[in-house]
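Q: Take a look at my_file.txt, compact mmCIF, C-alpha atoms:
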```txt
# COMPACT_ATOMS: atom_id res chain seq x y z
CA MET D 1 101.29 74.79 112.88
CA THR D 2 101.02 71.92 110.44
CA ARG D 3 102.75 71.22 107.20
CA THR D 4 100.81 70.13 104.11
CA SER D 5 101.73 67.99 101.14
CA ARG D 6 103.21 70.93 99.22
CA SER D 7 106.82 70.41 98.25
CA THR D 8 109.61 72.33 99.95
CA ARG D 9 110.23 74.19 96.69
CA GLU D 10 106.58 75.30 96.49
CA LEU D 11 106.59 76.47 100.10
CA ILE D 12 109.82 78.42 99.65
CA GLY D 13 108.48 80.06 96.50
CA TRP D 14 105.28 81.01 98.32
CA ARG D 15 107.22 82.43 101.27
CA ASN D 16 109.53 84.44 99.02
CA ALA D 17 106.55 85.79 97.07
CA ILE D 18 105.04 87.21 100.27
CA PHE D 19 108.43 88.60 101.32
CA THR D 20 108.46 90.39 97.97
CA VAL D 21 104.97 91.86 98.38
CA PHE D 22 105.87 93.19 101.84
CA PHE D 23 109.09 94.65 100.40
CA LEU D 24 107.25 96.33 97.50
CA SER D 25 104.72 97.91 99.86
CA GLY D 26 107.53 99.36 101.97
CA LEU D 27 109.37 100.52 98.85
CA SER D 28 106.31 102.42 97.62
CA LEU D 29 105.71 104.16 100.96
CA ALA D 30 109.28 105.37 101.43
CA SER D 31 109.55 106.51 97.79
CA TRP D 32 106.62 108.90 98.25
CA VAL D 33 107.49 110.08 101.77
CA ALA D 34 111.13 110.84 100.90
CA ARG D 35 110.10 113.11 98.00
CA ILE D 36 107.54 115.15 99.96
CA PRO D 37 109.92 118.14 100.37
CA ALA D 38 110.55 118.31 96.60
CA ILE D 39 106.84 117.95 95.83
CA ARG D 40 106.02 120.67 98.35
CA ASP D 41 108.47 123.05 96.64
CA ASP D 42 107.24 122.23 93.11
CA THR D 43 103.58 122.73 94.07
CA SER D 44 104.23 125.74 96.37
CA LEU D 45 102.21 124.14 99.16
CA ASN D 46 102.54 125.44 102.71
CA THR D 47 102.81 123.11 105.71
CA GLN D 48 99.06 123.03 106.25
CA GLY D 49 98.53 122.26 102.57
CA VAL D 50 100.97 119.35 102.74
CA GLY D 51 99.09 118.03 105.76
CA LEU D 52 95.75 118.18 103.96
CA VAL D 53 97.19 116.43 100.90
CA ILE D 54 98.64 113.68 103.11
CA LEU D 55 95.26 113.37 104.83
CA SER D 56 93.68 112.37 101.50
CA GLY D 57 96.05 109.43 101.29
CA SER D 58 95.42 108.45 104.92
CA ILE D 59 91.64 108.47 104.46
CA ALA D 60 91.98 106.37 101.30
CA SER D 61 94.20 103.93 103.21
CA VAL D 62 91.46 103.37 105.79
CA VAL D 63 88.95 102.85 102.96
CA GLY D 64 91.33 100.29 101.43
CA LEU D 65 91.62 98.45 104.75
CA ILE D 66 87.84 98.25 105.07
CA ALA D 67 87.38 97.22 101.42
CA ALA D 68 90.04 94.47 101.51
CA PRO D 69 87.81 91.63 102.82
CA GLY D 70 85.30 92.34 100.05
CA VAL D 71 88.06 92.38 97.43
CA LEU D 72 89.39 89.08 98.76
CA ALA D 73 85.94 87.49 98.68
CA ARG D 74 85.21 88.74 95.16
CA PHE D 75 88.56 88.35 93.38
CA GLY D 76 90.81 86.23 95.60
CA ALA D 77 94.23 86.87 97.10
CA ARG D 78 96.31 86.57 93.93
CA ALA D 79 94.26 88.96 91.81
CA GLY D 80 93.65 91.18 94.84
CA MET D 81 97.35 91.72 95.56
CA ILE D 82 98.10 92.42 91.90
CA GLY D 83 95.20 94.87 91.67
CA ALA D 84 96.17 96.63 94.89
CA LEU D 85 99.83 97.15 94.02
CA VAL D 86 99.06 98.12 90.43
CA THR D 87 96.70 100.72 91.92
CA VAL D 88 99.60 101.88 94.12
CA SER D 89 101.78 102.13 91.00
CA ALA D 90 99.15 104.20 89.16
CA GLY D 91 98.90 106.44 92.19
CA LEU D 92 102.66 106.98 92.26
CA VAL D 93 102.64 107.96 88.58
CA LEU D 94 99.91 110.55 89.19
CA VAL D 95 101.72 111.83 92.30
CA GLY D 96 104.86 112.29 90.20
CA LEU D 97 102.98 114.12 87.46
CA GLY D 98 100.83 116.24 89.77
CA GLY D 99 103.70 117.01 92.10
CA SER D 100 106.37 117.83 89.54
CA VAL D 101 105.89 117.80 85.75
CA MET D 102 102.48 119.50 85.68
CA PRO D 103 101.99 120.77 89.24
CA SER D 104 98.34 120.19 90.12
CA ILE D 105 96.89 119.76 93.61
CA PRO D 106 93.79 117.86 92.36
CA LEU D 107 95.99 115.44 90.39
CA LEU D 108 98.24 115.02 93.43
CA VAL D 109 95.24 114.28 95.67
CA ILE D 110 93.83 111.73 93.19
CA GLY D 111 97.22 110.07 92.98
CA LEU D 112 97.55 109.87 96.75
CA ALA D 113 94.02 108.52 97.06
CA LEU D 114 94.87 105.65 94.68
CA PHE D 115 98.21 105.15 96.42
CA GLY D 116 96.59 105.05 99.87
CA PHE D 117 93.71 102.80 98.83
CA GLY D 118 96.03 100.27 97.18
CA ASN D 119 98.43 100.15 100.10
CA GLY D 120 95.61 99.87 102.63
CA ALA D 121 94.09 96.94 100.73
CA VAL D 122 97.37 95.12 100.15
CA ASP D 123 98.31 95.52 103.82
CA VAL D 124 95.41 93.26 104.75
CA MET D 125 95.86 90.80 101.87
CA MET D 126 99.60 90.28 102.32
CA ASN D 127 99.05 89.56 106.01
CA VAL D 128 96.32 87.04 105.16
CA GLU D 129 98.64 85.30 102.69
CA GLY D 130 101.60 85.55 105.07
CA ALA D 131 99.63 83.85 107.84
CA GLU D 132 98.60 81.06 105.47
CA ALA D 133 102.16 80.50 104.26
CA GLU D 134 103.48 80.51 107.83
CA ARG D 135 100.93 77.92 108.90
CA GLU D 136 101.75 75.51 106.07
CA ILE D 137 105.52 75.93 106.44
CA GLY D 138 105.26 75.24 110.16
CA ARG D 139 107.55 77.99 111.49
CA THR D 140 106.91 81.51 112.76
CA LEU D 141 107.64 83.78 109.80
CA MET D 142 105.32 86.77 110.22
CA PRO D 143 107.92 88.89 112.10
CA LEU D 144 110.41 88.33 109.28
CA MET D 145 107.77 89.22 106.70
CA HIS D 146 107.20 92.53 108.47
CA ALA D 147 110.97 93.03 108.53
CA PHE D 148 110.88 92.83 104.73
CA PHE D 149 108.50 95.80 104.76
CA SER D 150 111.19 97.64 106.73
CA PHE D 151 113.82 96.54 104.21
CA GLY D 152 111.59 98.00 101.49
CA THR D 153 111.39 101.34 103.28
CA VAL D 154 115.18 101.44 103.63
CA ALA D 155 115.59 100.68 99.92
CA GLY D 156 112.96 103.27 98.98
CA ALA D 157 114.55 105.96 101.12
CA GLY D 158 118.00 105.17 99.74
CA LEU D 159 116.86 105.28 96.12
CA ALA D 160 114.97 108.52 96.77
CA ALA D 161 118.06 110.08 98.34
CA ALA D 162 120.15 109.01 95.34
CA ALA D 163 117.54 110.40 92.92
CA SER D 164 117.52 113.70 94.78
CA ALA D 165 121.32 113.90 94.87
CA LEU D 166 121.45 113.24 91.12
CA SER D 167 118.73 115.88 90.51
CA ILE D 168 116.43 113.28 88.95
CA ASN D 169 112.94 114.67 88.47
CA VAL D 170 110.37 113.45 91.00
CA ALA D 171 108.08 112.19 88.22
CA VAL D 172 110.85 110.17 86.56
CA HIS D 173 111.87 108.67 89.88
CA LEU D 174 108.33 107.71 90.91
CA VAL D 175 107.44 106.32 87.46
CA VAL D 176 110.49 104.03 87.60
CA ILE D 177 109.51 102.86 91.10
CA ALA D 178 105.91 102.34 89.94
CA VAL D 179 107.02 100.15 87.03
CA LEU D 180 109.27 98.09 89.34
CA ILE D 181 106.40 97.55 91.79
CA ALA D 182 103.90 96.54 89.10
CA ILE D 183 106.31 94.09 87.45
CA GLY D 184 107.49 92.78 90.83
CA VAL D 185 104.02 91.88 92.11
CA ILE D 186 102.94 90.26 88.82
CA VAL D 187 106.03 88.03 88.87
CA ALA D 188 105.86 87.29 92.60
CA VAL D 189 102.23 86.17 92.89
CA ARG D 190 102.78 83.43 90.31
CA PHE D 191 104.29 81.48 93.23
CA VAL D 192 101.27 82.00 95.51
CA PRO D 193 99.02 78.91 95.43
CA LEU D 194 95.37 79.27 94.46
CA ARG D 195 93.03 78.54 97.36
CA GLU D 196 89.27 78.83 97.10
CA GLU D 197 88.95 79.54 100.83
CA LEU D 198 90.75 82.86 100.20
CA GLY D 199 88.50 83.71 97.26
CA ASP D 200 90.79 82.46 94.47
CA ASP D 201 89.18 80.75 91.50
CA PRO D 202 90.50 77.16 91.55
CA HIS D 203 89.50 76.73 87.86
CA THR D 204 87.65 73.49 88.57
CA GLU D 205 84.18 72.32 87.60
CA ALA D 206 82.95 72.41 91.20
CA PRO D 207 80.62 75.35 91.92
CA ARG D 208 82.12 78.14 94.01
CA VAL D 209 80.49 79.59 97.10
CA PRO D 210 78.90 82.91 96.01
CA TRP D 211 81.14 85.84 96.83
CA ARG D 212 78.41 87.64 98.79
CA GLU D 213 78.15 84.61 101.08
CA ARG D 214 81.94 84.56 101.46
CA LEU D 215 81.85 88.25 102.38
CA ARG D 216 79.09 87.65 104.92
CA GLU D 217 81.18 84.90 106.52
CA SER D 218 84.15 87.27 106.54
CA LEU D 219 82.26 89.97 108.44
CA SER D 220 80.76 87.53 110.96
CA VAL D 221 84.10 87.05 112.75
CA TRP D 222 83.83 90.52 114.31
CA SER D 223 81.48 89.01 116.92
CA GLU D 224 84.24 86.77 118.39
CA LEU D 225 85.52 88.03 121.77
CA ARG D 226 88.86 86.21 121.47
CA LEU D 227 89.50 87.85 118.11
CA ILE D 228 88.71 91.30 119.53
CA LEU D 229 91.21 90.65 122.36
CA ILE D 230 93.86 89.70 119.78
CA GLY D 231 92.96 92.98 118.11
CA VAL D 232 93.59 94.78 121.42
CA VAL D 233 97.11 93.32 121.51
CA VAL D 234 97.76 94.42 117.93
CA LEU D 235 96.20 97.83 118.56
CA GLY D 236 98.54 98.57 121.48
CA MET D 237 101.66 97.46 119.64
CA SER D 238 100.69 99.19 116.37
CA PHE D 239 99.95 102.40 118.25
CA ALA D 240 103.45 102.22 119.75
CA GLU D 241 105.07 101.75 116.33
CA GLY D 242 103.02 104.28 114.37
CA SER D 243 103.35 106.97 117.01
CA ALA D 244 107.11 106.51 117.21
CA ASN D 245 107.40 107.00 113.44
CA ASP D 246 105.77 110.43 113.69
CA TRP D 247 106.60 111.72 117.17
CA LEU D 248 109.76 110.11 118.54
CA ALA D 249 112.24 112.49 116.90
CA LEU D 250 110.09 115.49 117.84
CA ALA D 251 109.86 114.25 121.43
CA VAL D 252 113.64 114.11 121.58
CA VAL D 253 113.88 117.71 120.35
CA ASP D 254 110.88 119.41 121.98
CA GLY D 255 110.53 117.17 125.03
CA HIS D 256 114.17 116.59 125.97
CA GLY D 257 115.80 119.64 124.41
CA TYR D 258 118.26 117.96 122.05
CA ASP D 259 118.94 119.21 118.53
CA GLU D 260 117.39 117.86 115.32
CA THR D 261 120.42 115.74 114.45
CA ILE D 262 120.15 113.89 117.76
CA GLY D 263 116.41 113.48 117.17
CA ALA D 264 117.03 111.87 113.79
CA ALA D 265 119.76 109.65 115.24
CA VAL D 266 117.53 108.43 118.08
CA PHE D 267 114.76 107.62 115.60
CA THR D 268 117.29 105.62 113.58
CA VAL D 269 118.09 103.65 116.74
CA PHE D 270 114.38 102.89 117.11
CA THR D 271 114.01 101.60 113.53
CA VAL D 272 117.14 99.44 113.82
CA ALA D 273 115.94 97.93 117.11
CA MET D 274 112.49 97.17 115.71
CA THR D 275 113.82 95.65 112.48
CA ALA D 276 116.37 93.52 114.34
CA ALA D 277 113.66 92.22 116.69
CA ARG D 278 111.53 91.22 113.70
CA VAL D 279 114.40 89.48 111.94
CA LEU D 280 115.41 87.53 115.06
CA GLY D 281 112.07 87.12 116.83
CA GLY D 282 110.57 84.09 115.06
CA PRO D 283 112.68 81.37 116.73
CA PHE D 284 112.02 82.88 120.17
CA ILE D 285 108.26 82.72 119.56
CA ASP D 286 108.58 79.08 118.45
CA ARG D 287 110.65 78.32 121.57
CA PHE D 288 108.68 80.14 124.27
CA GLY D 289 105.20 80.55 122.76
CA ARG D 290 103.18 83.59 121.79
CA VAL D 291 101.72 84.45 125.19
CA THR D 292 105.04 84.44 127.04
CA MET D 293 106.72 86.49 124.32
CA LEU D 294 103.90 89.04 124.14
CA ARG D 295 103.99 89.52 127.91
CA VAL D 296 107.76 89.93 127.92
CA LEU D 297 107.63 92.32 124.97
CA ALA D 298 104.84 94.38 126.54
CA ALA D 299 106.87 94.68 129.75
CA THR D 300 109.95 95.58 127.70
CA GLY D 301 108.04 98.27 125.82
CA VAL D 302 106.58 99.73 129.02
CA ALA D 303 110.04 99.87 130.62
CA GLY D 304 111.47 101.47 127.48
CA LEU D 305 108.74 104.11 127.26
CA ALA D 306 109.14 104.97 130.94
CA LEU D 307 112.90 105.39 130.48
CA PHE D 308 112.37 107.50 127.35
CA ILE D 309 109.72 109.75 128.89
CA TYR D 310 111.51 110.37 132.18
CA ALA D 311 115.10 110.28 130.86
CA THR D 312 117.50 112.66 132.55
CA GLU D 313 120.64 111.29 130.89
CA PRO D 314 121.44 110.50 127.24
CA TRP D 315 122.00 106.80 127.98
CA MET D 316 118.48 106.54 129.43
CA LEU D 317 117.09 108.00 126.21
CA ILE D 318 119.00 105.53 124.03
CA VAL D 319 118.25 102.46 126.15
CA GLY D 320 114.61 103.50 126.43
CA THR D 321 114.36 103.87 122.66
CA VAL D 322 115.89 100.44 122.05
CA LEU D 323 113.50 98.79 124.52
CA TRP D 324 110.55 100.70 123.04
CA GLY D 325 111.46 99.45 119.56
CA ILE D 326 111.91 95.85 120.67
CA GLY D 327 108.73 95.91 122.77
CA GLY D 328 106.54 97.04 119.89
CA ALA D 329 108.15 94.98 117.14
CA LEU D 330 106.36 91.64 117.28
CA GLY D 331 102.83 92.43 118.45
CA PHE D 332 101.41 92.97 114.97
CA PRO D 333 102.94 89.91 113.26
CA VAL D 334 102.20 87.66 116.25
CA GLY D 335 98.61 88.91 116.19
CA MET D 336 98.35 87.88 112.55
CA SER D 337 99.58 84.39 113.39
CA ALA D 338 97.18 84.09 116.34
CA ALA D 339 94.20 85.25 114.28
CA ALA D 340 94.93 82.59 111.64
CA ASP D 341 95.30 79.78 114.20
CA VAL D 342 91.92 78.10 113.62
CA PRO D 343 91.00 74.95 111.63
CA ASP D 344 88.60 76.63 109.16
CA ARG D 345 90.84 78.37 106.61
CA ARG D 346 88.04 80.55 105.22
CA THR D 347 87.38 81.83 108.74
CA ALA D 348 91.12 82.21 109.28
CA ALA D 349 91.45 84.59 106.35
CA ALA D 350 88.54 86.68 107.63
CA ARG D 351 90.03 86.76 111.14
CA VAL D 352 93.41 87.94 109.86
CA SER D 353 91.65 90.62 107.82
CA ALA D 354 89.79 91.86 110.90
CA VAL D 355 92.88 92.04 113.11
CA ALA D 356 94.91 93.69 110.33
CA ILE D 357 92.20 96.35 109.98
CA ILE D 358 92.36 97.05 113.74
CA GLY D 359 96.15 97.27 113.66
CA TYR D 360 96.48 99.50 110.63
CA CYS D 361 93.70 101.83 111.78
CA ALA D 362 95.59 102.25 115.07
CA PHE D 363 98.78 102.82 113.07
CA LEU D 364 97.09 105.58 111.05
CA ALA D 365 94.90 107.15 113.74
CA GLY D 366 97.35 107.00 116.64
CA PRO D 367 99.78 109.75 115.57
CA PRO D 368 97.12 112.47 115.01
CA PHE D 369 95.55 111.60 118.38
CA LEU D 370 98.91 111.97 120.11
CA GLY D 371 99.42 115.26 118.30
CA PHE D 372 96.21 116.60 119.82
CA LEU D 373 97.21 115.43 123.31
CA GLY D 374 100.74 116.77 122.83
CA GLN D 375 99.37 120.20 122.01
CA GLN D 376 97.33 120.20 125.22
CA PHE D 377 99.63 118.45 127.69
CA GLY D 378 103.11 118.27 126.11
CA ILE D 379 104.48 115.56 123.85
CA LEU D 380 106.20 113.52 126.60
CA ASN D 381 103.00 113.39 128.65
CA ALA D 382 101.10 112.35 125.52
CA LEU D 383 103.40 109.33 125.17
CA LEU D 384 101.99 107.97 128.43
CA VAL D 385 98.97 106.84 126.38
CA ILE D 386 101.23 104.38 124.53
CA LEU D 387 102.54 103.07 127.85
CA VAL D 388 98.99 102.40 129.08
CA LEU D 389 98.02 100.69 125.80
CA MET D 390 101.06 98.39 126.00
CA VAL D 391 100.07 97.40 129.54
CA ILE D 392 96.57 96.53 128.23
CA ALA D 393 98.13 94.61 125.31
CA GLY D 394 100.15 92.55 127.78
CA LEU D 395 97.03 91.77 129.82
CA ALA D 396 95.20 90.66 126.65
CA ALA D 397 98.09 88.40 125.55
CA PRO D 398 96.44 85.07 126.58
CA ALA D 399 93.98 85.50 123.69
CA ALA D 400 96.90 84.77 121.33
CA ARG D 401 97.60 81.34 122.86
CA GLU D 402 98.41 78.58 120.35
CA SER D 403 95.48 76.27 119.67
CA ARG D 404 97.63 73.13 119.68
CA ARG D 405 99.90 73.70 122.65
CA GLY D 406 100.14 75.64 125.85
CA ALA D 407 102.13 78.84 126.12
```
Would you mind writing the file out in structure tokens?
A:
Amino acid sequence: MTRTSRSTRELIGWRNAIFTVFFLSGLSLASWVARIPAIRDDTSLNTQGVGLVILSGSIASVVGLIAAPGVLARFGARAGMIGALVTVSAGLVLVGLGGSVMPSIPLLVIGLALFGFGNGAVDVMMNVEGAEAEREIGRTLMPLMHAFFSFGTVAGAGLAAAASALSINVAVHLVVIAVLIAIGVIVAVRFVPLREELGDDPHTEAPRVPWRERLRESLSVWSELRLILIGVVVLGMSFAEGSANDWLALAVVDGHGYDETIGAAVFTVFTVAMTAARVLGGPFIDRFGRVTMLRVLAATGVAGLALFIYATEPWMLIVGTVLWGIGGALGFPVGMSAAADVPDRRTAAARVSAVAIIGYCAFLAGPPFLGFLGQQFGILNALLVILVLMVIAGLAAPAARESRRGA
């Protein structure tokens, strides 16, 4: 990584702006998820109905992921992140109205579609910006940026719990969160530098490359084998994280026979382990290199999953969960850094976009796939798929090697 002529103050402001965007994205997600039970009661939806409503948001998220490179090419990173999170805010408002004040399934679905699209798009753009900031600062920061997403989810869940305890209407709660997110992103992106290679308008007299040509360049990176292998690393690690979010607690209850309280507690252990690994992981990557760390983490995750799946004692379950969380924590952020590690910054942005799309699609598609397998073969047997994918991620790790040093 190489530093540029930007001042330390500019670099810190840029870094903090991306921390903020990650935090706001996490805040929005947890605010909606934590109020699902109240929205279900107010709209009289059954479990299947809730699932179908959630599906609308998931489909829109995938559309947002796919649309993000085009948005970047057309409007740039600054305007793109503002537009995406303002769309999220509008979606939250409609979710609050359709799920509480004037119960309406169509309004709820429209709100979730906007919410999902905005979050899917900003997921790609904030990783593109994060990789650029990390490169210019000269230190590994992507794991910490992803930790800020986790901090946002903690804050969102806490505020939602407080709102529920105080009997604050869902619509009021979500409107307040929406306003905070919209104001937060508008203030934060002022500290993000304008760069034409990311689609921003530099406001100079020099002619810009037409946006259709920039989009064509963005899509061309999908033919690179090394980039696809980086995507394989991210896919395996993202699958491990996304599947744990949806199935770990249930695996503790249905697979190992513990009660729901223990299931929730074990999931908490997983989230703490993953967040801690992201907060502390950057210096280790700088010290030992991406390839070594990815191999160690893949082995750690495989060992943890094996312990979790075949646990016969409570300590095996806990240790396995901790190792699973640590093993899957850094694959996605390291993949973002590796994708950006090329001289051409326009190509770098497109590469990060491509790998982010692979990762987030795995994050969204993995849990339903495991649900299908769990129904057929049992949830613990279904988790073996994650173990295999982490082995493959470890084997693909050399694709993430630093371009300016060995690893």
Q: Name all residues at most 8 Å from segment 226-239 of chain D (count only C-alpha atoms; drop same-chain ones fewer than 5 positions away) and give them as a PyMOL selection string.
A: chain D and resi 221+327-332+335+338-339+351+354-355+358-360+362-363+366-367+386+389-390+392-394+396-397+399-400
Q: Please save C-alpha atoms of the selected residues as a PDB file, in the frame of the given file.
A:
```
ATOM      1  CA  VAL D 221      84.100  87.050 112.750  1.00  0.00           C
ATOM      2  CA  GLY D 327     108.730  95.910 122.770  1.00  0.00           C
ATOM      3  CA  GLY D 328     106.540  97.040 119.890  1.00  0.00           C
ATOM      4  CA  ALA D 329     108.150  94.980 117.140  1.00  0.00           C
ATOM      5  CA  LEU D 330     106.360  91.640 117.280  1.00  0.00           C
ATOM      6  CA  GLY D 331     102.830  92.430 118.450  1.00  0.00           C
ATOM      7  CA  PHE D 332     101.410  92.970 114.970  1.00  0.00           C
ATOM      8  CA  GLY D 335      98.610  88.910 116.190  1.00  0.00           C
ATOM      9  CA  ALA D 338      97.180  84.090 116.340  1.00  0.00           C
ATOM     10  CA  ALA D 339      94.200  85.250 114.280  1.00  0.00           C
ATOM     11  CA  ARG D 351      90.030  86.760 111.140  1.00  0.00           C
ATOM     12  CA  ALA D 354      89.790  91.860 110.900  1.00  0.00           C
ATOM     13  CA  VAL D 355      92.880  92.040 113.110  1.00  0.00           C
ATOM     14  CA  ILE D 358      92.360  97.050 113.740  1.00  0.00           C
ATOM     15  CA  GLY D 359      96.150  97.270 113.660  1.00  0.00           C
ATOM     16  CA  TYR D 360      96.480  99.500 110.630  1.00  0.00           C
ATOM     17  CA  ALA D 362      95.590 102.250 115.070  1.00  0.00           C
ATOM     18  CA  PHE D 363      98.780 102.820 113.070  1.00  0.00           C
ATOM     19  CA  GLY D 366      97.350 107.000 116.640  1.00  0.00           C
ATOM     20  CA  PRO D 367      99.780 109.750 115.570  1.00  0.00           C
ATOM     21  CA  ILE D 386     101.230 104.380 124.530  1.00  0.00           C
ATOM     22  CA  LEU D 389      98.020 100.690 125.800  1.00  0.00           C
ATOM     23  CA  MET D 390     101.060  98.390 126.000  1.00  0.00           C
ATOM     24  CA  ILE D 392      96.570  96.530 128.230  1.00  0.00           C
ATOM     25  CA  ALA D 393      98.130  94.610 125.310  1.00  0.00           C
ATOM     26  CA  GLY D 394     100.150  92.550 127.780  1.00  0.00           C
ATOM     27  CA  ALA D 396      95.200  90.660 126.650  1.00  0.00           C
ATOM     28  CA  ALA D 397      98.090  88.400 125.550  1.00  0.00           C
ATOM     29  CA  ALA D 399      93.980  85.500 123.690  1.00  0.00           C
ATOM     30  CA  ALA D 400      96.900  84.770 121.330  1.00  0.00           C
TER      31      ALA D 400
END
```
Q: Given 5 Å of margin on each side, can you work out the centre and size in Å (one decimal) of an axis-aligned box holding every listed atom of segment 325-338 of chain D, as JSON?
A:
```
{"center_x": 104.5, "center_y": 91.8, "center_z": 117.7, "size_x": 24.7, "size_y": 25.4, "size_z": 20.2}
```
Q: Mind checking which residues fall within 8 Å of Gly96 of chain D, counting all atoms listed in the file, ignoring those fewer than 4 positions away in the same chain, and posting them as a PyMOL selection string?
A: chain D and resi 92+100-101+108+170-175
Q: Given all atoms listed in the file as the basis, pick out the residue of D:Thr268, D:Ile326, D:Pro314, D:Trp14 nearest to Arg135 of chain D.
A: D:Trp14
Q: Using only C-alpha atoms, which of the listed residues (D:Leu317, D:Ile137, D:Ile110, D:Val53) sits closest to Tyr258 of chain D?
A: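 Among D:Leu317, D:Ile137, D:Ile110, D:Val53, it is D:Leu317 that comes nearest to Tyr258 of chain D.
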Q: So which residues are close to (96.4, 91.7, 86.5), meaning at most 10 Å away in the file's coordinates with all atoms listed in the file counted, and can you show them as an MDAnalysis selection string?
A: chainID D and resid 78:86 182 185:186
Q: Between atom CA of Ile285 of chain D and atom CA of Val192 of chain D, what is the distance, to one decimal in Å?
A: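 Rounded to one decimal, the two atoms are 25.1 Å apart.
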Q: So, counting all atoms listed in the file, which residue among D:Met336, D:Ile177, D:Ala348, D:Val122 is closest to Phe22 of chain D?
A: D:Val122
